[in-house]
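start33.txt follows; it contains compact mmCIF, C-alpha atoms.
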```
# COMPACT_ATOMS: atom_id res chain seq x y z
CA MET A 1259 4.16 -11.47 -27.18
CA SER A 1260 6.51 -8.61 -26.28
CA ASN A 1261 7.92 -8.53 -22.77
CA LEU A 1262 8.43 -4.76 -22.77
CA GLU A 1263 6.37 -2.13 -21.01
CA ILE A 1264 6.93 1.62 -20.83
CA VAL A 1265 6.78 3.87 -17.78
CA THR A 1266 6.95 7.63 -18.19
CA GLY A 1267 8.16 9.58 -15.17
CA ALA A 1268 10.20 8.52 -12.15
CA GLY A 1269 8.19 10.11 -9.37
CA PRO A 1270 6.62 7.98 -6.63
CA VAL A 1271 4.09 6.32 -8.93
CA GLY A 1272 6.38 5.79 -11.92
CA SER A 1273 9.22 4.45 -9.80
CA THR A 1274 6.94 2.06 -7.94
CA VAL A 1275 5.24 0.81 -11.11
CA ALA A 1276 8.63 0.23 -12.75
CA LEU A 1277 9.98 -1.72 -9.78
CA GLN A 1278 6.87 -3.86 -9.44
CA LEU A 1279 6.92 -4.71 -13.15
CA ALA A 1280 10.62 -5.58 -12.99
CA GLU A 1281 10.08 -7.79 -9.97
CA GLN A 1282 7.39 -9.63 -11.97
CA GLY A 1283 9.95 -10.41 -14.67
CA ILE A 1284 8.79 -7.75 -17.13
CA ASN A 1285 11.33 -5.63 -19.00
CA VAL A 1286 10.73 -1.95 -18.31
CA ARG A 1287 11.86 1.09 -20.25
CA LEU A 1288 11.64 4.08 -17.91
CA LEU A 1289 11.51 7.37 -19.79
CA THR A 1290 12.42 10.71 -18.18
CA ARG A 1291 14.09 13.89 -19.36
CA SER A 1292 16.94 13.32 -16.89
CA GLY A 1293 17.42 9.57 -17.22
CA SER A 1294 16.66 9.15 -13.53
CA GLY A 1295 14.79 6.39 -11.74
CA PRO A 1296 15.30 3.28 -9.63
CA GLN A 1297 17.98 0.77 -10.54
CA HIS A 1298 17.06 -2.80 -11.38
CA PRO A 1299 18.46 -5.28 -13.95
CA ARG A 1300 15.15 -5.24 -15.84
CA ILE A 1301 14.76 -1.44 -15.82
CA GLU A 1302 16.35 0.43 -18.72
CA ARG A 1303 16.45 4.15 -17.96
CA ARG A 1304 16.43 6.44 -20.99
CA ARG A 1305 16.56 10.19 -21.45
CA VAL A 1306 13.46 10.92 -23.51
CA ASP A 1307 11.18 13.93 -23.73
CA VAL A 1308 7.87 12.11 -24.02
CA SER A 1309 6.19 15.21 -25.46
CA ASP A 1310 8.33 14.59 -28.56
CA ARG A 1311 6.17 12.22 -30.62
CA ASP A 1312 8.99 10.79 -32.71
CA ALA A 1313 11.29 10.27 -29.72
CA LEU A 1314 8.53 8.57 -27.76
CA ARG A 1315 7.57 6.34 -30.71
CA ALA A 1316 11.16 5.18 -31.10
CA ALA A 1317 11.62 4.56 -27.37
CA ALA A 1318 8.32 2.70 -27.01
CA ASP A 1319 8.73 0.44 -30.05
CA GLY A 1320 7.54 -3.08 -29.23
CA ALA A 1321 5.79 -2.16 -25.98
CA THR A 1322 2.37 -3.53 -25.08
CA ALA A 1323 1.54 -1.07 -22.28
CA ILE A 1324 2.41 2.50 -21.34
CA TYR A 1325 2.01 3.75 -17.78
CA HIS A 1326 1.87 7.52 -18.06
CA CYS A 1327 3.05 8.86 -14.70
CA ILE A 1328 4.35 12.31 -15.66
CA HIS A 1329 2.70 15.41 -14.27
CA ALA A 1330 3.19 19.17 -14.36
CA ALA A 1331 3.73 22.03 -11.91
CA TYR A 1332 0.92 22.27 -9.37
CA ASN A 1333 -1.20 25.01 -10.89
CA ALA A 1334 -4.22 25.11 -13.15
CA ALA A 1335 -2.59 27.18 -15.89
CA ASP A 1336 0.28 24.75 -16.39
CA TRP A 1337 -2.05 21.78 -16.22
CA GLU A 1338 -4.33 23.21 -18.89
CA ARG A 1339 -1.43 24.18 -21.12
CA GLU A 1340 0.68 21.02 -20.78
CA LEU A 1341 -1.33 17.98 -19.79
CA PRO A 1342 -3.86 17.64 -22.64
CA ALA A 1343 -1.13 17.97 -25.28
CA ALA A 1344 1.12 15.49 -23.49
CA GLU A 1345 -1.67 12.93 -23.16
CA LYS A 1346 -2.57 13.29 -26.85
CA VAL A 1347 0.99 12.35 -27.81
CA ILE A 1348 0.88 9.33 -25.49
CA LEU A 1349 -2.50 8.19 -26.83
CA ASP A 1350 -1.45 8.61 -30.45
CA VAL A 1351 1.80 6.69 -29.98
CA ALA A 1352 0.03 3.94 -28.04
CA ALA A 1353 -2.49 3.60 -30.85
CA SER A 1354 0.33 3.05 -33.34
CA LEU A 1355 1.69 0.28 -31.10
CA ASN A 1356 -1.66 -1.32 -30.24
CA ALA A 1357 -0.76 -0.67 -26.61
CA VAL A 1358 -2.96 0.18 -23.64
CA VAL A 1359 -2.30 3.37 -21.67
CA VAL A 1360 -2.77 3.36 -17.90
CA PHE A 1361 -3.04 6.65 -16.03
CA PRO A 1362 -2.86 7.33 -12.30
CA GLU A 1363 -5.73 9.68 -11.50
CA SER A 1364 -6.92 11.82 -8.60
CA LEU A 1365 -10.30 12.48 -7.00
CA TYR A 1366 -10.31 16.11 -8.14
CA ALA A 1367 -13.01 15.56 -10.76
CA TYR A 1368 -15.49 14.13 -8.23
CA ASN A 1369 -18.22 15.80 -6.23
CA SER A 1370 -16.92 14.89 -2.79
CA ASP A 1371 -20.06 15.57 -0.75
CA THR A 1372 -20.70 11.84 -0.34
CA VAL A 1373 -18.53 8.73 -0.30
CA MET A 1374 -16.95 8.62 -3.76
CA THR A 1375 -17.43 5.44 -5.79
CA GLU A 1376 -16.49 4.26 -9.26
CA SER A 1377 -19.99 4.95 -10.56
CA ASP A 1378 -20.01 8.63 -9.54
CA PRO A 1379 -20.06 11.35 -12.23
CA ARG A 1380 -16.74 13.09 -12.72
CA ASN A 1381 -17.87 16.37 -14.20
CA VAL A 1382 -16.77 19.30 -12.04
CA SER A 1383 -15.53 22.41 -13.81
CA GLY A 1384 -13.00 25.16 -13.23
CA GLY A 1385 -9.42 25.21 -11.99
CA LYS A 1386 -7.34 22.09 -11.53
CA ARG A 1387 -10.47 20.04 -10.88
CA GLY A 1388 -11.91 20.97 -14.24
CA VAL A 1389 -8.68 20.00 -16.02
CA ARG A 1390 -8.81 16.54 -14.47
CA ALA A 1391 -12.44 16.09 -15.56
CA MET A 1392 -11.56 17.17 -19.09
CA LEU A 1393 -8.67 14.69 -19.28
CA LEU A 1394 -10.96 11.87 -18.20
CA ARG A 1395 -13.48 12.78 -20.91
CA THR A 1396 -10.73 12.83 -23.54
CA ARG A 1397 -9.49 9.39 -22.53
CA GLU A 1398 -13.02 8.03 -22.65
CA ALA A 1399 -13.47 9.37 -26.18
CA SER A 1400 -10.13 8.06 -27.43
CA ALA A 1401 -9.91 5.04 -29.72
CA THR A 1402 -6.80 3.99 -27.79
CA PRO A 1403 -7.61 1.63 -24.91
CA THR A 1404 -7.07 3.34 -21.56
CA VAL A 1405 -7.53 2.72 -17.86
CA SER A 1406 -7.58 5.50 -15.28
CA VAL A 1407 -6.83 4.30 -11.74
CA VAL A 1408 -8.01 6.80 -9.15
CA ALA A 1409 -6.21 7.29 -5.84
CA SER A 1410 -6.63 9.62 -2.92
CA ASP A 1411 -3.72 11.43 -1.21
CA PHE A 1412 -0.52 9.40 -1.44
CA PHE A 1413 1.75 7.98 1.20
CA GLY A 1414 4.51 5.40 1.06
CA PRO A 1415 8.04 4.96 -0.33
CA TYR A 1416 9.19 7.65 -2.78
CA VAL A 1417 6.38 10.00 -1.68
CA ARG A 1418 7.76 13.43 -0.80
CA THR A 1419 5.55 16.33 -1.88
CA ALA A 1420 2.31 15.16 -0.30
CA HIS A 1421 0.35 15.83 2.87
CA ALA A 1422 1.58 12.52 4.33
CA GLY A 1423 5.02 12.84 2.72
CA GLU A 1424 7.99 14.92 3.78
CA ARG A 1425 5.81 17.39 5.68
CA MET A 1426 4.66 14.57 7.96
CA ALA A 1427 6.52 11.25 8.01
CA PRO A 1428 10.16 12.24 8.73
CA LYS A 1429 9.10 14.94 11.17
CA VAL A 1430 6.91 12.54 13.13
CA MET A 1431 9.74 9.99 13.10
CA ALA A 1432 12.00 12.63 14.67
CA GLY A 1433 9.44 13.49 17.36
CA LYS A 1434 8.79 16.94 15.91
CA LYS A 1435 5.44 18.70 15.87
CA ILE A 1436 3.63 18.86 12.55
CA ARG A 1437 0.84 21.12 11.33
CA VAL A 1438 -1.80 19.69 9.04
CA ILE A 1439 -4.22 21.61 6.83
CA GLY A 1440 -7.85 22.14 7.71
CA SER A 1441 -8.51 19.55 10.40
CA ALA A 1442 -6.56 16.79 12.08
CA ASP A 1443 -9.70 14.77 12.77
CA GLN A 1444 -11.90 14.76 9.66
CA PRO A 1445 -12.17 11.34 7.92
CA HIS A 1446 -9.85 11.33 4.91
CA SER A 1447 -8.85 8.55 2.53
CA PHE A 1448 -5.14 7.92 1.98
CA THR A 1449 -3.84 5.58 -0.74
CA TYR A 1450 -0.63 3.62 -0.30
CA VAL A 1451 1.34 4.09 -3.52
CA PRO A 1452 2.37 0.41 -3.90
CA ASP A 1453 -1.35 -0.45 -3.89
CA LEU A 1454 -1.97 2.09 -6.66
CA ALA A 1455 0.93 0.67 -8.69
CA ALA A 1456 -0.33 -2.89 -8.27
CA ALA A 1457 -3.79 -1.86 -9.45
CA MET A 1458 -2.38 -0.10 -12.51
CA ILE A 1459 -0.39 -3.18 -13.50
CA ALA A 1460 -3.29 -5.57 -12.91
CA ALA A 1461 -5.57 -3.37 -15.04
CA ALA A 1462 -3.03 -3.14 -17.87
CA HIS A 1463 -2.76 -6.93 -18.00
CA ASN A 1464 -6.52 -7.56 -18.08
CA PRO A 1465 -8.18 -6.37 -21.33
CA GLU A 1466 -11.60 -6.84 -19.72
CA LEU A 1467 -10.81 -3.84 -17.53
CA TRP A 1468 -9.69 -1.53 -20.34
CA ASN A 1469 -11.70 1.58 -21.13
CA SER A 1470 -12.76 2.03 -17.53
CA VAL A 1471 -12.13 4.12 -14.43
CA LEU A 1472 -11.10 2.09 -11.39
CA HIS A 1473 -10.31 2.96 -7.80
CA ALA A 1474 -6.95 1.92 -6.35
CA PRO A 1475 -7.35 -0.34 -3.31
CA THR A 1476 -7.63 2.11 -0.43
CA GLY A 1477 -8.25 1.25 3.19
CA PRO A 1478 -10.90 2.71 5.48
CA ALA A 1479 -10.76 6.48 5.78
CA LEU A 1480 -8.29 7.69 8.38
CA THR A 1481 -7.65 11.15 9.73
CA GLN A 1482 -4.46 13.14 9.37
CA ARG A 1483 -3.87 12.54 13.08
CA THR A 1484 -4.34 8.79 12.68
CA ILE A 1485 -1.84 8.41 9.87
CA ALA A 1486 0.69 10.53 11.77
CA GLU A 1487 0.21 8.28 14.80
CA ALA A 1488 0.76 5.22 12.58
CA PHE A 1489 4.12 6.63 11.46
CA ALA A 1490 5.08 7.34 15.07
CA ASP A 1491 4.19 3.81 16.13
CA ALA A 1492 6.10 2.28 13.23
CA ALA A 1493 9.17 4.37 14.05
CA GLY A 1494 9.05 3.76 17.79
CA ALA A 1495 8.85 7.53 18.15
CA PRO A 1496 6.97 9.56 20.76
CA ALA A 1497 3.26 10.08 20.22
CA ALA A 1498 2.66 12.31 17.22
CA LYS A 1499 2.25 15.99 18.05
CA VAL A 1500 -0.27 17.37 15.57
CA GLY A 1501 -1.29 21.00 15.16
CA VAL A 1502 -3.61 22.52 12.58
CA LEU A 1503 -3.16 25.19 9.94
CA PRO A 1504 -6.72 26.53 9.49
CA ALA A 1505 -8.08 26.61 5.98
CA TRP A 1506 -8.84 30.33 6.26
CA VAL A 1507 -5.11 31.02 6.62
CA LEU A 1508 -4.41 29.42 3.23
CA ASP A 1509 -7.34 31.30 1.73
CA THR A 1510 -6.00 34.61 3.04
CA VAL A 1511 -2.38 34.04 2.02
CA GLY A 1512 -3.55 32.69 -1.34
CA LYS A 1513 -4.95 36.09 -2.25
CA VAL A 1514 -1.39 37.36 -2.66
CA HIS A 1515 0.64 34.17 -3.14
CA THR A 1516 0.04 32.01 -6.20
CA ASP A 1517 1.37 28.69 -4.90
CA THR A 1518 -0.67 28.98 -1.73
CA ARG A 1519 -3.77 29.85 -3.76
CA GLU A 1520 -3.36 26.63 -5.75
CA LEU A 1521 -3.13 24.66 -2.50
CA ALA A 1522 -6.08 26.51 -0.96
CA GLU A 1523 -8.27 25.40 -3.88
CA MET A 1524 -8.16 21.94 -2.31
CA ASN A 1525 -9.11 23.05 1.22
CA TYR A 1526 -12.46 21.28 0.88
CA GLN A 1527 -10.65 17.95 1.05
CA PHE A 1528 -9.54 18.60 4.62
CA THR A 1529 -12.36 20.58 6.21
CA LYS A 1530 -15.04 17.90 5.81
CA PRO A 1531 -15.08 14.13 5.21
CA PHE A 1532 -13.21 13.19 2.05
CA VAL A 1533 -13.79 9.49 1.55
CA MET A 1534 -13.43 7.13 -1.41
CA ASP A 1535 -14.68 3.55 -1.66
CA SER A 1536 -12.69 1.05 -3.71
CA THR A 1537 -14.73 -2.08 -2.96
CA ALA A 1538 -15.98 -2.63 -6.51
CA SER A 1539 -12.54 -2.18 -8.07
CA GLU A 1540 -10.89 -4.45 -5.52
CA ALA A 1541 -13.24 -7.24 -6.59
CA LEU A 1542 -12.46 -6.67 -10.28
CA LEU A 1543 -8.71 -6.46 -9.71
CA GLY A 1544 -8.43 -9.23 -7.16
CA LEU A 1545 -6.50 -6.89 -4.88
CA SER A 1546 -6.92 -5.41 -1.42
CA PRO A 1547 -5.25 -2.50 0.38
CA THR A 1548 -2.12 -3.05 2.42
CA PRO A 1549 -2.91 -2.97 6.17
CA LEU A 1550 -2.04 0.40 7.69
CA ASP A 1551 0.51 -0.93 10.18
CA GLN A 1552 2.44 -2.70 7.41
CA ALA A 1553 2.24 0.30 5.07
CA ALA A 1554 3.46 2.61 7.85
CA ARG A 1555 6.41 0.28 8.63
CA GLU A 1556 7.42 0.16 4.98
CA THR A 1557 7.11 3.92 4.67
CA VAL A 1558 9.24 4.52 7.77
CA GLY A 1559 11.79 1.99 6.51
CA TRP A 1560 12.10 3.85 3.21
CA TRP A 1561 12.55 7.20 4.94
CA ARG A 1562 15.27 5.75 7.19
CA ALA A 1563 17.09 4.35 4.18
CA GLU A 1564 16.83 7.72 2.44
CA GLN A 1565 18.16 9.51 5.49
CA ALA A 1566 21.09 7.12 5.72
CA ARG A 1567 21.83 7.53 2.01
CA THR A 1568 21.74 11.32 2.30
CA ALA A 1569 24.02 11.26 5.36
CA ALA A 1570 26.51 9.01 3.57
CA ALA A 1571 26.55 11.28 0.54
```
Mind turning this structure into structure tokens?
Amino acid sequence: MSNLEIVTGAGPVGSTVALQLAEQGINVRLLTRSGSGPQHPRIERRRVDVSDRDALRAAADGATAIYHCIHAAYNAADWERELPAAEKVILDVAASLNAVVVFPESLYAYNSDTVMTESDPRNVSGGKRGVRAMLLRTREASATPTVSVVASDFFGPYVRTAHAGERMAPKVMAGKKIRVIGSADQPHSFTYVPDLAAAMIAAAHNPELWNSVLHAPTGPALTQRTIAEAFADAAGAPAAKVGVLPAWVLDTVGKVHTDTRELAEMNYQFTKPFVMDSTASEALLGLSPTPLDQAARETVGWWRAEQARTAAA
């Protein structure tokens, strides 16, 4: 059996999946347009445009699993134009290799009015949410085996452009005030990226879980204030100072500013409870979420290492 697995993309999910695989003794070929990604003796970084079918087929030769962790600019038009075509290439190449494809997925396709579970329909329409629902339907219809592992908002090492990323963690560590969207005190699920990566790997290695949608192990719903306080505690910083950017501000600015409009589309996630349950998937995967205090310590440790690296450079 081949000891080679492919990871596309070196963002927070791709980098974490690649490192976890390498630490398990699996040879990883990490494909990006720039050749970037974490360094490890078992990680081979290659410059490959994975939308190029022939280039991807050559780079993935011999692989048994592909973890597709590449995304697109955060707007519905780019998602609709780029993501379906990119996933078709991945699925076609994986089929030629008899490989499984594992996708990280969001909660965008869910009706979030109740606690979201694995058995919920994922059939919303319109905007970025509709694109995610369409991608899930396409994977389900594909002859290529797939697993979609759903996560809520990310935090953890390598996470920058996220609500609990660079807009929160390093500022809280420095004792600075932060402003969160919508509400600081509504229940909201946050997924620790190493838990998502572990779930993706476990699913890839268990054919009984193929052709399914799973939830990444995710702890009890927090609030934006609670996770900020966890970062402050882990850093030994003063109590987190948390202000709020009301949702109506994003709605108003979004009428004239495209990027803000794309962000405002997700206001519903922060103005009312936004809660996922991963209990069923945890049982199938044999995994559980990392305790918040440990996840916060590891996140703070990564940010401190990044700050030291940047200062040295």
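Nearest-residue note for Asp1378 (chain A): choosing from A:Gly1433, A:Lys1530, A:Leu1365, A:Glu1398, the minimum distance belongs to A:Leu1365, counting only C-alpha atoms.
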Selected residue, from A:Val1438, A:Ile1328, A:Leu1550, A:Ile1264, that lies nearest to Glu1363 (chain A) when counting only C-alpha atoms: A:Ile1328
Neighbour list for region 1331-1338 of chain A as number ranges by chain, cut-off 7 Å, all atoms listed in the file, skip fewer than 3 positions in-chain: A: 1341-1342, 1385-1386, 1389, 1520
Given all atoms listed in the file as the counted atoms, nearest of A:Ser1441, A:Thr1396, A:Thr1290, A:Ser1354 to Asn1525 (chain A):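 Among the listed residues, the smallest separation from Asn1525 (chain A) belongs to A:Ser1441.
Near Asp1312 (chain A), within a cut-off of 12 Å and counting all atoms listed in the file, sit the residues Val1306, Asp1307, Val1308, Ala1316, Ala1317, Ala1318, Asp1319, Val1347, Ile1348, Asp1350, Val1351 and Ser1354 of chain A, with same-chain residues fewer than 4 positions away left out.
The two atoms in question, CA of Asn1381 (chain A) and CA of Pro1445 (chain A), are spaced 23.4 Å apart.
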